[in-house]
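Engineer: Structure incoming, see below.
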Amino acid sequence: MMYWDLFDPPYKDRNPKPRTTGITMIIDKGLSPSETRNLLKLNAAFIDLIKLAFGTLCLYKPQTLVTKINLVKKHGIRLYPGGTFIELAYWRHKTTDLLPWLSDLGFEWLEISDGTLTISPKERSALIGEARQFGFQVITEVGKKETADQLSWAAIVQQVKLDLADGAAWVIIEARESGAGIGIYNQQGQLQKDMIAFLGDCLPLSQVIWEAPLKRQQAELITIFGPNVNLGNIPPAEAMALEALRLGLRSDTWKQALTK
Amino acid sequence: MMYWDLFDPPYKDRNPKPRTTGITMIIDKGLSPSETRNLLKLNAAFIDLIKLAFGTLCLYKPQTLVTKINLVKKHGIRLYPGGTFIELAYWRHKTTDLLPWLSDLGFEWLEISDGTLTISPKERSALIGEARQFGFQVITEVGKKETADQLSWAAIVQQVKLDLADGAAWVIIEARESGAGIGIYNQQGQLQKDMIAFLGDCLPLSQVIWEAPLKRQQAELITIFGPNVNLGNIPPAEAMALEALRLGLRSDTWKQALTK
Amino acid sequence: MMYWDLFDPPYKDRNPKPRTTGITMIIDKGLSPSETRNLLKLNAAFIDLIKLAFGTLCLYKPQTLVTKINLVKKHGIRLYPGGTFIELAYWRHKTTDLLPWLSDLGFEWLEISDGTLTISPKERSALIGEARQFGFQVITEVGKKETADQLSWAAIVQQVKLDLADGAAWVIIEARESGAGIGIYNQQGQLQKDMIAFLGDCLPLSQVIWEAPLKRQQAELITIFGPNVNLGNIPPAEAMALEALRLGLRSDTWKQALTK
């Protein structure tokens, strides 16, 4: 008998896998296959995507990548290279060589971003097209990694819409690993409420993944958008804690249900 | 030959297990059985209690819970559901169904709290009684999870005494996972020294567990109350580092021995 | 085919192992043998030294130490006791007993420091000599663990030079696990640029290891001194992320290559 048979959690309309909304994307800064197996043992049902952080893909032995890709695929999860990896490949004019190689390894998803490089909208569109021609599903990311280079709210909305028109499955709103001074977060990592209200009004939320590395950020976004908000850059050790937040099994989100 | 045969650590009157004072309680946000095994391999002698954080218990397969309970029991450690889990059950009026189920799984300890819910002293007392009737040993927790709702010093003392009179084995002083803006810590996570002096005077320290997630907090409480202070919400990766603090094997606590 | 055959990372002059410059030293606060194996599975090529934090060595069963020493040695890595351990032994007048015992366990390197104790230059020199007589290679550490006790810039330079003259292989610049209010970092953990410029001019950089627990610190030191700067107190989970920083596979260091 499961606990679930005995009572409902505060929020019970959590989408089951496979899902297109309610995505949890984990940031992986170097989990061994055995550590990945440990993560999945408890959390496979809570995780949809695992991103190999920035350019760490270059630091793996190919056989280890194959092992990790197949391991997570068995649990209905997709492993994909961080956007910085593709930016590096683009910078070296090597995407035509690298994309088939990634496909041969077993990758099925790619992230396309311009967090570090300057890439024109036309070039970006062409890169998304190239990735899709090679058979990849594409996630894009909007936002710059430097606090000094942040995009205007309108520019974010425009780019998200262009990417979706180009066939992106989801668009990630950049917040890095730190979640401070970037995108929807101020220097202290607090959610800019007017900005999130604006973006929430203008964007198709089922196709937007908010990077939200900190617990407070996850709790606020769940409070605003509900248990099936798409969240990314979740540290592996926080996967179960995030699922608890989504379902109201932690004070930070449960208390909203109590005051209703 | 052990290092211990060669010389004494700065603080050598650390209680051995099984102990009633000098408790270390670990917060577990989702360790797999294999990760739990790794934790115990080095730290079994340093750990007394492991708490399944907030309502994460709901996210486990029952068989995994049984595996974890039995695994830690073999090392003289008790796994127990976080207080939020019992608050959720109480809120759904399901404690009568759930307590026997928890007992069947192998749980022997429960935490009873009102960190999120408002529960009257009379109801709290009845809930402690119900848990004890079902055969559980009870740990209670005193304190509110919201910074705005903090209890007065006198109210904390009163509730601790009531809980002990109701048969609680230990009472935890709430500080959450963050250790900031809650209970004995100010917004910056610093110990409120006048408050701790007051509570130290009024409370039976052998039955109080201070949540102290941050190293600085652990070091200060050990400096004030000695190596056998009861500490909780210790991250798993900090178990050995805390034991080093207790014994004066780290500068933060050793330096007190040097200046004596 | 490796990714490396397809294109060069932004910084490609990274020294391979075994190396004397470009050292990464990991701080180990209690990894089980199995966790150590997981760390090495992906990161063996990126790690040169693993330090058992402060006095945690005392908390191990000798057999576990032997297992860990042999495990990392197979990967060309050296495990060694934290400086606080040797300070404790020195304080108890037990180095003559303990050094042979450490050697029998399989340790080949020692760290000699005075982060907590006051040790005169003459005594320090004698201690380095004693360790070397027992067959150890010596790493020293310069700096005090208390913010109030920080050394002058000139005193740091002088001590580093004395230690190297006494035969130290490397000298670590103290920053603790926190990287704040100590040595080259201010209270906010920011690099003191005038201090690092001074030390960079005066010290033989190939023999200096900068403790740099935070990502921002690692990125700044790599930007100043290049991919083969020696860095220490790296958390195990950050080993691969640091290697990515060294090679320009992360925005923080890659962007320097772009603006050149």
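If you're wondering about the labels, chains in the structure tokens are A, B, ... by order shown, residues count from 1 in each chain, ligands from 1 in order shown.
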Take chain B, superimpose it onto chain A by least squares using every C-alpha atom paired in sequence order, and output the result as a PDB file with C-alpha atoms, in the first residue's frame.
Structural biologist:
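The new file selection06.pdb reads:
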ATOM      1  CA  MET B   1       0.044  -0.037   0.034  1.00  0.00           C
ATOM      2  CA  MET B   2       1.414   3.323  -1.029  1.00  0.00           C
ATOM      3  CA  TYR B   3       1.112   6.462   1.034  1.00  0.00           C
ATOM      4  CA  TRP B   4      -0.643   7.927  -2.004  1.00  0.00           C
ATOM      5  CA  ASP B   5      -3.541   5.547  -1.477  1.00  0.00           C
ATOM      6  CA  LEU B   6      -4.051   6.988   1.975  1.00  0.00           C
ATOM      7  CA  PHE B   7      -4.303  10.674   1.173  1.00  0.00           C
ATOM      8  CA  ASP B   8      -3.785  13.315  -1.480  1.00  0.00           C
ATOM      9  CA  PRO B   9      -0.846  15.720  -1.337  1.00  0.00           C
ATOM     10  CA  PRO B  10      -1.770  19.429  -1.289  1.00  0.00           C
ATOM     11  CA  TYR B  11      -1.200  19.730  -5.067  1.00  0.00           C
ATOM     12  CA  LYS B  12      -2.311  16.618  -6.854  1.00  0.00           C
ATOM     13  CA  ASP B  13      -2.485  17.632 -10.519  1.00  0.00           C
ATOM     14  CA  ARG B  14       1.191  16.913 -11.211  1.00  0.00           C
ATOM     15  CA  ASN B  15       1.672  15.658 -14.770  1.00  0.00           C
ATOM     16  CA  PRO B  16       3.078  12.111 -15.031  1.00  0.00           C
ATOM     17  CA  LYS B  17       5.880  11.142 -17.412  1.00  0.00           C
ATOM     18  CA  PRO B  18       6.252  11.325 -20.336  1.00  0.00           C
ATOM     19  CA  ARG B  19       5.200  14.966 -20.051  1.00  0.00           C
ATOM     20  CA  THR B  20       5.661  18.112 -22.100  1.00  0.00           C
ATOM     21  CA  THR B  21       4.834  20.448 -19.209  1.00  0.00           C
ATOM     22  CA  GLY B  22       6.099  20.096 -15.656  1.00  0.00           C
ATOM     23  CA  ILE B  23       9.653  19.433 -16.829  1.00  0.00           C
ATOM     24  CA  THR B  24      12.545  19.111 -14.379  1.00  0.00           C
ATOM     25  CA  MET B  25      15.961  19.601 -15.954  1.00  0.00           C
ATOM     26  CA  ILE B  26      18.997  18.606 -13.865  1.00  0.00           C
ATOM     27  CA  ILE B  27      22.430  20.218 -14.249  1.00  0.00           C
ATOM     28  CA  ASP B  28      25.142  17.534 -14.254  1.00  0.00           C
ATOM     29  CA  LYS B  29      28.643  18.818 -13.488  1.00  0.00           C
ATOM     30  CA  GLY B  30      30.260  15.386 -13.644  1.00  0.00           C
ATOM     31  CA  LEU B  31      28.252  12.480 -12.256  1.00  0.00           C
ATOM     32  CA  SER B  32      29.845   9.080 -12.767  1.00  0.00           C
ATOM     33  CA  PRO B  33      27.605   6.350 -14.227  1.00  0.00           C
ATOM     34  CA  SER B  34      27.252   4.919 -10.724  1.00  0.00           C
ATOM     35  CA  GLU B  35      26.266   8.301  -9.280  1.00  0.00           C
ATOM     36  CA  THR B  36      23.778   8.700 -12.116  1.00  0.00           C
ATOM     37  CA  ARG B  37      22.323   5.309 -11.237  1.00  0.00           C
ATOM     38  CA  ASN B  38      21.939   6.432  -7.606  1.00  0.00           C
ATOM     39  CA  LEU B  39      20.195   9.602  -8.723  1.00  0.00           C
ATOM     40  CA  LEU B  40      17.732   7.657 -10.876  1.00  0.00           C
ATOM     41  CA  LYS B  41      17.073   4.993  -8.248  1.00  0.00           C
ATOM     42  CA  LEU B  42      14.951   7.471  -6.278  1.00  0.00           C
ATOM     43  CA  ASN B  43      14.241  10.258  -8.752  1.00  0.00           C
ATOM     44  CA  ALA B  44      13.634   8.811 -12.215  1.00  0.00           C
ATOM     45  CA  ALA B  45       9.940   9.746 -12.117  1.00  0.00           C
ATOM     46  CA  PHE B  46      10.751  13.358 -11.229  1.00  0.00           C
ATOM     47  CA  ILE B  47      13.380  14.075 -13.915  1.00  0.00           C
ATOM     48  CA  ASP B  48      12.880  14.723 -17.638  1.00  0.00           C
ATOM     49  CA  LEU B  49      16.157  16.191 -18.859  1.00  0.00           C
ATOM     50  CA  ILE B  50      19.785  16.090 -17.721  1.00  0.00           C
ATOM     51  CA  LYS B  51      22.186  18.703 -19.070  1.00  0.00           C
ATOM     52  CA  LEU B  52      25.934  18.126 -19.196  1.00  0.00           C
ATOM     53  CA  ALA B  53      27.003  21.487 -17.767  1.00  0.00           C
ATOM     54  CA  PHE B  54      28.720  24.021 -20.094  1.00  0.00           C
ATOM     55  CA  GLY B  55      31.534  22.314 -22.067  1.00  0.00           C
ATOM     56  CA  THR B  56      32.126  19.348 -19.729  1.00  0.00           C
ATOM     57  CA  LEU B  57      31.159  16.968 -22.539  1.00  0.00           C
ATOM     58  CA  CYS B  58      34.710  17.463 -23.871  1.00  0.00           C
ATOM     59  CA  LEU B  59      36.106  15.979 -20.663  1.00  0.00           C
ATOM     60  CA  TYR B  60      34.333  12.619 -20.932  1.00  0.00           C
ATOM     61  CA  LYS B  61      35.534   9.426 -22.510  1.00  0.00           C
ATOM     62  CA  PRO B  62      33.027   8.671 -25.297  1.00  0.00           C
ATOM     63  CA  GLN B  63      32.235   5.259 -23.779  1.00  0.00           C
ATOM     64  CA  THR B  64      31.199   6.928 -20.514  1.00  0.00           C
ATOM     65  CA  LEU B  65      28.868   9.227 -22.443  1.00  0.00           C
ATOM     66  CA  VAL B  66      27.290   6.249 -24.183  1.00  0.00           C
ATOM     67  CA  THR B  67      26.806   4.523 -20.833  1.00  0.00           C
ATOM     68  CA  LYS B  68      25.158   7.597 -19.315  1.00  0.00           C
ATOM     69  CA  ILE B  69      22.954   8.280 -22.334  1.00  0.00           C
ATOM     70  CA  ASN B  70      21.642   4.710 -22.385  1.00  0.00           C
ATOM     71  CA  LEU B  71      21.224   4.573 -18.635  1.00  0.00           C
ATOM     72  CA  VAL B  72      19.008   7.645 -18.456  1.00  0.00           C
ATOM     73  CA  LYS B  73      17.151   6.787 -21.676  1.00  0.00           C
ATOM     74  CA  LYS B  74      15.915   3.587 -20.027  1.00  0.00           C
ATOM     75  CA  HIS B  75      14.205   5.840 -17.456  1.00  0.00           C
ATOM     76  CA  GLY B  76      12.551   8.106 -20.005  1.00  0.00           C
ATOM     77  CA  ILE B  77      15.118  10.859 -19.496  1.00  0.00           C
ATOM     78  CA  ARG B  78      17.176  12.701 -22.109  1.00  0.00           C
ATOM     79  CA  LEU B  79      20.846  13.604 -21.613  1.00  0.00           C
ATOM     80  CA  TYR B  80      22.056  16.511 -23.723  1.00  0.00           C
ATOM     81  CA  PRO B  81      25.162  18.710 -24.135  1.00  0.00           C
ATOM     82  CA  GLY B  82      25.090  22.149 -22.489  1.00  0.00           C
ATOM     83  CA  GLY B  83      24.652  25.131 -24.771  1.00  0.00           C
ATOM     84  CA  THR B  84      28.235  26.263 -24.231  1.00  0.00           C
ATOM     85  CA  PHE B  85      29.439  23.067 -25.916  1.00  0.00           C
ATOM     86  CA  ILE B  86      27.540  23.925 -29.091  1.00  0.00           C
ATOM     87  CA  GLU B  87      28.698  27.548 -28.892  1.00  0.00           C
ATOM     88  CA  LEU B  88      32.291  26.286 -28.752  1.00  0.00           C
ATOM     89  CA  ALA B  89      31.697  24.054 -31.762  1.00  0.00           C
ATOM     90  CA  TYR B  90      30.065  26.926 -33.652  1.00  0.00           C
ATOM     91  CA  TRP B  91      32.963  29.233 -32.792  1.00  0.00           C
ATOM     92  CA  ARG B  92      35.413  26.669 -34.209  1.00  0.00           C
ATOM     93  CA  HIS B  93      33.228  26.193 -37.333  1.00  0.00           C
ATOM     94  CA  LYS B  94      32.925  22.514 -36.492  1.00  0.00           C
ATOM     95  CA  THR B  95      29.194  21.912 -36.117  1.00  0.00           C
ATOM     96  CA  THR B  96      29.019  19.981 -39.379  1.00  0.00           C
ATOM     97  CA  ASP B  97      31.616  17.519 -38.046  1.00  0.00           C
ATOM     98  CA  LEU B  98      30.347  17.401 -34.485  1.00  0.00           C
ATOM     99  CA  LEU B  99      26.613  17.036 -34.882  1.00  0.00           C
ATOM    100  CA  PRO B 100      26.786  13.618 -36.602  1.00  0.00           C
ATOM    101  CA  TRP B 101      29.323  12.504 -33.977  1.00  0.00           C
ATOM    102  CA  LEU B 102      26.931  13.493 -31.188  1.00  0.00           C
ATOM    103  CA  SER B 103      24.156  11.648 -32.942  1.00  0.00           C
ATOM    104  CA  ASP B 104      26.294   8.510 -33.255  1.00  0.00           C
ATOM    105  CA  LEU B 105      27.001   8.628 -29.528  1.00  0.00           C
ATOM    106  CA  GLY B 106      23.263   8.477 -28.918  1.00  0.00           C
ATOM    107  CA  PHE B 107      22.387  12.102 -28.158  1.00  0.00           C
ATOM    108  CA  GLU B 108      18.912  13.035 -29.451  1.00  0.00           C
ATOM    109  CA  TRP B 109      18.581  16.531 -28.020  1.00  0.00           C
ATOM    110  CA  LEU B 110      20.732  19.658 -28.342  1.00  0.00           C
ATOM    111  CA  GLU B 111      20.708  23.036 -26.629  1.00  0.00           C
ATOM    112  CA  ILE B 112      21.395  26.068 -28.793  1.00  0.00           C
ATOM    113  CA  SER B 113      22.321  29.297 -27.028  1.00  0.00           C
ATOM    114  CA  ASP B 114      24.298  32.497 -27.344  1.00  0.00           C
ATOM    115  CA  GLY B 115      25.111  33.030 -23.684  1.00  0.00           C
ATOM    116  CA  THR B 116      28.757  33.778 -24.425  1.00  0.00           C
ATOM    117  CA  LEU B 117      29.079  34.290 -28.195  1.00  0.00           C
ATOM    118  CA  THR B 118      27.350  36.987 -30.206  1.00  0.00           C
ATOM    119  CA  ILE B 119      25.220  35.159 -32.775  1.00  0.00           C
ATOM    120  CA  SER B 120      22.862  37.052 -35.064  1.00  0.00           C
ATOM    121  CA  PRO B 121      19.183  36.007 -35.195  1.00  0.00           C
ATOM    122  CA  LYS B 122      19.738  34.783 -38.738  1.00  0.00           C
ATOM    123  CA  GLU B 123      22.741  32.639 -37.790  1.00  0.00           C
ATOM    124  CA  ARG B 124      20.853  31.322 -34.766  1.00  0.00           C
ATOM    125  CA  SER B 125      17.952  30.330 -36.925  1.00  0.00           C
ATOM    126  CA  ALA B 126      20.294  28.569 -39.334  1.00  0.00           C
ATOM    127  CA  LEU B 127      21.983  26.704 -36.480  1.00  0.00           C
ATOM    128  CA  ILE B 128      18.625  25.482 -35.154  1.00  0.00           C
ATOM    129  CA  GLY B 129      17.819  24.364 -38.678  1.00  0.00           C
ATOM    130  CA  GLU B 130      21.120  22.514 -39.026  1.00  0.00           C
ATOM    131  CA  ALA B 131      20.577  20.676 -35.754  1.00  0.00           C
ATOM    132  CA  ARG B 132      17.072  19.656 -36.789  1.00  0.00           C
ATOM    133  CA  GLN B 133      18.328  18.499 -40.174  1.00  0.00           C
ATOM    134  CA  PHE B 134      20.739  16.160 -38.424  1.00  0.00           C
ATOM    135  CA  GLY B 135      17.723  14.698 -36.612  1.00  0.00           C
ATOM    136  CA  PHE B 136      18.052  16.447 -33.242  1.00  0.00           C
ATOM    137  CA  GLN B 137      15.254  17.820 -31.171  1.00  0.00           C
ATOM    138  CA  VAL B 138      16.253  21.333 -30.157  1.00  0.00           C
ATOM    139  CA  ILE B 139      16.042  23.223 -26.892  1.00  0.00           C
ATOM    140  CA  THR B 140      17.207  26.817 -27.109  1.00  0.00           C
ATOM    141  CA  GLU B 141      18.336  29.144 -24.376  1.00  0.00           C
ATOM    142  CA  VAL B 142      17.723  32.891 -24.251  1.00  0.00           C
ATOM    143  CA  GLY B 143      19.893  35.215 -22.176  1.00  0.00           C
ATOM    144  CA  LYS B 144      23.494  36.334 -21.691  1.00  0.00           C
ATOM    145  CA  LYS B 145      25.837  34.934 -19.030  1.00  0.00           C
ATOM    146  CA  GLU B 146      27.331  38.309 -18.052  1.00  0.00           C
ATOM    147  CA  THR B 147      25.320  40.552 -15.743  1.00  0.00           C
ATOM    148  CA  ALA B 148      26.400  43.578 -17.799  1.00  0.00           C
ATOM    149  CA  ASP B 149      24.983  42.142 -21.026  1.00  0.00           C
ATOM    150  CA  GLN B 150      21.397  41.357 -19.981  1.00  0.00           C
ATOM    151  CA  LEU B 151      18.690  41.497 -22.631  1.00  0.00           C
ATOM    152  CA  SER B 152      15.633  43.747 -22.409  1.00  0.00           C
ATOM    153  CA  TRP B 153      12.334  42.100 -21.499  1.00  0.00           C
ATOM    154  CA  ALA B 154      11.042  42.710 -25.012  1.00  0.00           C
ATOM    155  CA  ALA B 155      14.163  41.204 -26.576  1.00  0.00           C
ATOM    156  CA  ILE B 156      13.701  38.037 -24.511  1.00  0.00           C
ATOM    157  CA  VAL B 157      10.090  37.691 -25.633  1.00  0.00           C
ATOM    158  CA  GLN B 158      11.010  38.259 -29.254  1.00  0.00           C
ATOM    159  CA  GLN B 159      13.814  35.684 -29.220  1.00  0.00           C
ATOM    160  CA  VAL B 160      11.678  33.053 -27.501  1.00  0.00           C
ATOM    161  CA  LYS B 161       9.008  33.467 -30.160  1.00  0.00           C
ATOM    162  CA  LEU B 162      11.525  33.277 -33.000  1.00  0.00           C
ATOM    163  CA  ASP B 163      13.052  30.105 -31.544  1.00  0.00           C
ATOM    164  CA  LEU B 164       9.674  28.424 -31.173  1.00  0.00           C
ATOM    165  CA  ALA B 165       8.800  29.423 -34.735  1.00  0.00           C
ATOM    166  CA  ASP B 166      12.075  27.767 -35.790  1.00  0.00           C
ATOM    167  CA  GLY B 167      10.975  24.527 -34.173  1.00  0.00           C
ATOM    168  CA  ALA B 168      12.470  24.602 -30.679  1.00  0.00           C
ATOM    169  CA  ALA B 169      10.649  22.207 -28.345  1.00  0.00           C
ATOM    170  CA  TRP B 170      11.383  24.349 -25.291  1.00  0.00           C
ATOM    171  CA  VAL B 171      13.175  27.615 -24.646  1.00  0.00           C
ATOM    172  CA  ILE B 172      15.243  27.965 -21.484  1.00  0.00           C
ATOM    173  CA  ILE B 173      15.486  31.337 -19.727  1.00  0.00           C
ATOM    174  CA  GLU B 174      19.155  31.651 -18.687  1.00  0.00           C
ATOM    175  CA  ALA B 175      20.088  31.963 -15.008  1.00  0.00           C
ATOM    176  CA  ARG B 176      23.394  30.052 -14.898  1.00  0.00           C
ATOM    177  CA  GLU B 177      24.389  27.811 -11.989  1.00  0.00           C
ATOM    178  CA  SER B 178      24.332  30.761  -9.593  1.00  0.00           C
ATOM    179  CA  GLY B 179      20.867  32.214 -10.235  1.00  0.00           C
ATOM    180  CA  ALA B 180      22.026  35.763  -9.407  1.00  0.00           C
ATOM    181  CA  GLY B 181      22.278  38.914 -11.491  1.00  0.00           C
ATOM    182  CA  ILE B 182      20.969  37.114 -14.561  1.00  0.00           C
ATOM    183  CA  GLY B 183      17.629  37.078 -16.376  1.00  0.00           C
ATOM    184  CA  ILE B 184      14.689  37.051 -13.973  1.00  0.00           C
ATOM    185  CA  TYR B 185      16.860  37.259 -10.832  1.00  0.00           C
ATOM    186  CA  ASN B 186      18.487  40.301  -9.270  1.00  0.00           C
ATOM    187  CA  GLN B 187      22.006  40.340  -7.803  1.00  0.00           C
ATOM    188  CA  GLN B 188      20.732  38.775  -4.580  1.00  0.00           C
ATOM    189  CA  GLY B 189      19.083  35.933  -6.505  1.00  0.00           C
ATOM    190  CA  GLN B 190      15.604  37.290  -5.816  1.00  0.00           C
ATOM    191  CA  LEU B 191      12.899  36.958  -8.427  1.00  0.00           C
ATOM    192  CA  GLN B 192      12.163  40.260 -10.214  1.00  0.00           C
ATOM    193  CA  LYS B 193       8.397  40.112  -9.847  1.00  0.00           C
ATOM    194  CA  ASP B 194       7.499  42.720 -12.444  1.00  0.00           C
ATOM    195  CA  MET B 195       9.715  41.007 -14.987  1.00  0.00           C
ATOM    196  CA  ILE B 196       8.260  37.568 -14.312  1.00  0.00           C
ATOM    197  CA  ALA B 197       4.739  38.988 -14.535  1.00  0.00           C
ATOM    198  CA  PHE B 198       5.566  40.515 -17.912  1.00  0.00           C
ATOM    199  CA  LEU B 199       7.182  37.328 -19.254  1.00  0.00           C
ATOM    200  CA  GLY B 200       4.375  35.208 -17.813  1.00  0.00           C
ATOM    201  CA  ASP B 201       1.864  37.283 -19.778  1.00  0.00           C
ATOM    202  CA  CYS B 202       3.789  37.258 -23.055  1.00  0.00           C
ATOM    203  CA  LEU B 203       5.240  33.746 -23.280  1.00  0.00           C
ATOM    204  CA  PRO B 204       3.691  30.311 -23.927  1.00  0.00           C
ATOM    205  CA  LEU B 205       4.531  28.894 -20.512  1.00  0.00           C
ATOM    206  CA  SER B 206       4.311  25.228 -21.463  1.00  0.00           C
ATOM    207  CA  GLN B 207       7.324  25.759 -23.724  1.00  0.00           C
ATOM    208  CA  VAL B 208       9.446  27.856 -21.367  1.00  0.00           C
ATOM    209  CA  ILE B 209      11.926  26.330 -18.896  1.00  0.00           C
ATOM    210  CA  TRP B 210      13.022  28.691 -16.113  1.00  0.00           C
ATOM    211  CA  GLU B 211      16.492  28.063 -14.754  1.00  0.00           C
ATOM    212  CA  ALA B 212      16.003  28.112 -10.980  1.00  0.00           C
ATOM    213  CA  PRO B 213      19.017  26.688  -9.142  1.00  0.00           C
ATOM    214  CA  LEU B 214      18.008  27.900  -5.661  1.00  0.00           C
ATOM    215  CA  LYS B 215      15.177  26.493  -3.523  1.00  0.00           C
ATOM    216  CA  ARG B 216      13.622  29.901  -2.909  1.00  0.00           C
ATOM    217  CA  GLN B 217      13.465  30.494  -6.669  1.00  0.00           C
ATOM    218  CA  GLN B 218      11.843  27.115  -7.289  1.00  0.00           C
ATOM    219  CA  ALA B 219       9.278  27.722  -4.543  1.00  0.00           C
ATOM    220  CA  GLU B 220       8.360  31.166  -5.879  1.00  0.00           C
ATOM    221  CA  LEU B 221       7.955  29.988  -9.461  1.00  0.00           C
ATOM    222  CA  ILE B 222       5.782  27.051  -8.334  1.00  0.00           C
ATOM    223  CA  THR B 223       3.680  29.464  -6.268  1.00  0.00           C
ATOM    224  CA  ILE B 224       3.205  31.747  -9.284  1.00  0.00           C
ATOM    225  CA  PHE B 225       2.817  29.214 -12.103  1.00  0.00           C
ATOM    226  CA  GLY B 226       1.725  26.027 -10.323  1.00  0.00           C
ATOM    227  CA  PRO B 227       3.207  22.540  -9.782  1.00  0.00           C
ATOM    228  CA  ASN B 228       3.789  21.940 -13.492  1.00  0.00           C
ATOM    229  CA  VAL B 229       6.045  24.904 -14.179  1.00  0.00           C
ATOM    230  CA  ASN B 230       9.131  23.849 -16.170  1.00  0.00           C
ATOM    231  CA  LEU B 231      12.306  24.298 -14.095  1.00  0.00           C
ATOM    232  CA  GLY B 232      15.956  23.834 -14.967  1.00  0.00           C
ATOM    233  CA  ASN B 233      19.512  23.867 -13.567  1.00  0.00           C
ATOM    234  CA  ILE B 234      18.339  21.843 -10.584  1.00  0.00           C
ATOM    235  CA  PRO B 235      21.293  20.363  -8.673  1.00  0.00           C
ATOM    236  CA  PRO B 236      21.092  16.535  -8.653  1.00  0.00           C
ATOM    237  CA  ALA B 237      20.881  16.386  -4.853  1.00  0.00           C
ATOM    238  CA  GLU B 238      17.791  18.657  -4.984  1.00  0.00           C
ATOM    239  CA  ALA B 239      15.704  16.542  -7.385  1.00  0.00           C
ATOM    240  CA  MET B 240      13.522  14.983  -4.698  1.00  0.00           C
ATOM    241  CA  ALA B 241      13.275  18.222  -2.713  1.00  0.00           C
ATOM    242  CA  LEU B 242      11.976  19.992  -5.837  1.00  0.00           C
ATOM    243  CA  GLU B 243       9.359  17.301  -6.400  1.00  0.00           C
ATOM    244  CA  ALA B 244       8.291  17.811  -2.772  1.00  0.00           C
ATOM    245  CA  LEU B 245       7.924  21.551  -3.484  1.00  0.00           C
ATOM    246  CA  ARG B 246       5.841  20.850  -6.591  1.00  0.00           C
ATOM    247  CA  LEU B 247       3.389  18.667  -4.657  1.00  0.00           C
ATOM    248  CA  GLY B 248       3.125  20.945  -1.622  1.00  0.00           C
ATOM    249  CA  LEU B 249       5.038  18.476   0.554  1.00  0.00           C
ATOM    250  CA  ARG B 250       7.217  21.300   1.913  1.00  0.00           C
ATOM    251  CA  SER B 251       6.136  24.289   3.912  1.00  0.00           C
ATOM    252  CA  ASP B 252       7.200  26.854   1.286  1.00  0.00           C
ATOM    253  CA  THR B 253       4.545  25.748  -1.202  1.00  0.00           C
ATOM    254  CA  TRP B 254       2.095  23.933   1.079  1.00  0.00           C
ATOM    255  CA  LYS B 255       1.320  27.095   3.011  1.00  0.00           C
ATOM    256  CA  GLN B 256      -0.278  28.554  -0.151  1.00  0.00           C
ATOM    257  CA  ALA B 257      -2.811  25.723  -0.091  1.00  0.00           C
ATOM    258  CA  LEU B 258      -3.571  26.449   3.560  1.00  0.00           C
ATOM    259  CA  THR B 259      -4.370  30.118   3.066  1.00  0.00           C
ATOM    260  CA  LYS B 260      -6.669  29.547   0.095  1.00  0.00           C
TER     261      LYS B 260
END
Engineer: Check the DSSP output for the backbone and give back, as an NGL selection string, the residues of segment 184-247 of chain B in helix (DSSP H, G or I).
Structural biologist: :B and (193-202 or 205-207 or 215-225 or 236-246)
Engineer: Which of segment 25-257 of chain A end up as strand (DSSP E) when DSSP is run on this backbone - answer as an MDAnalysis selection string?
Structural biologist: chainID A and resid 25:28 49:52 78:81 109:112 137:142 170:173 208:211 230:234
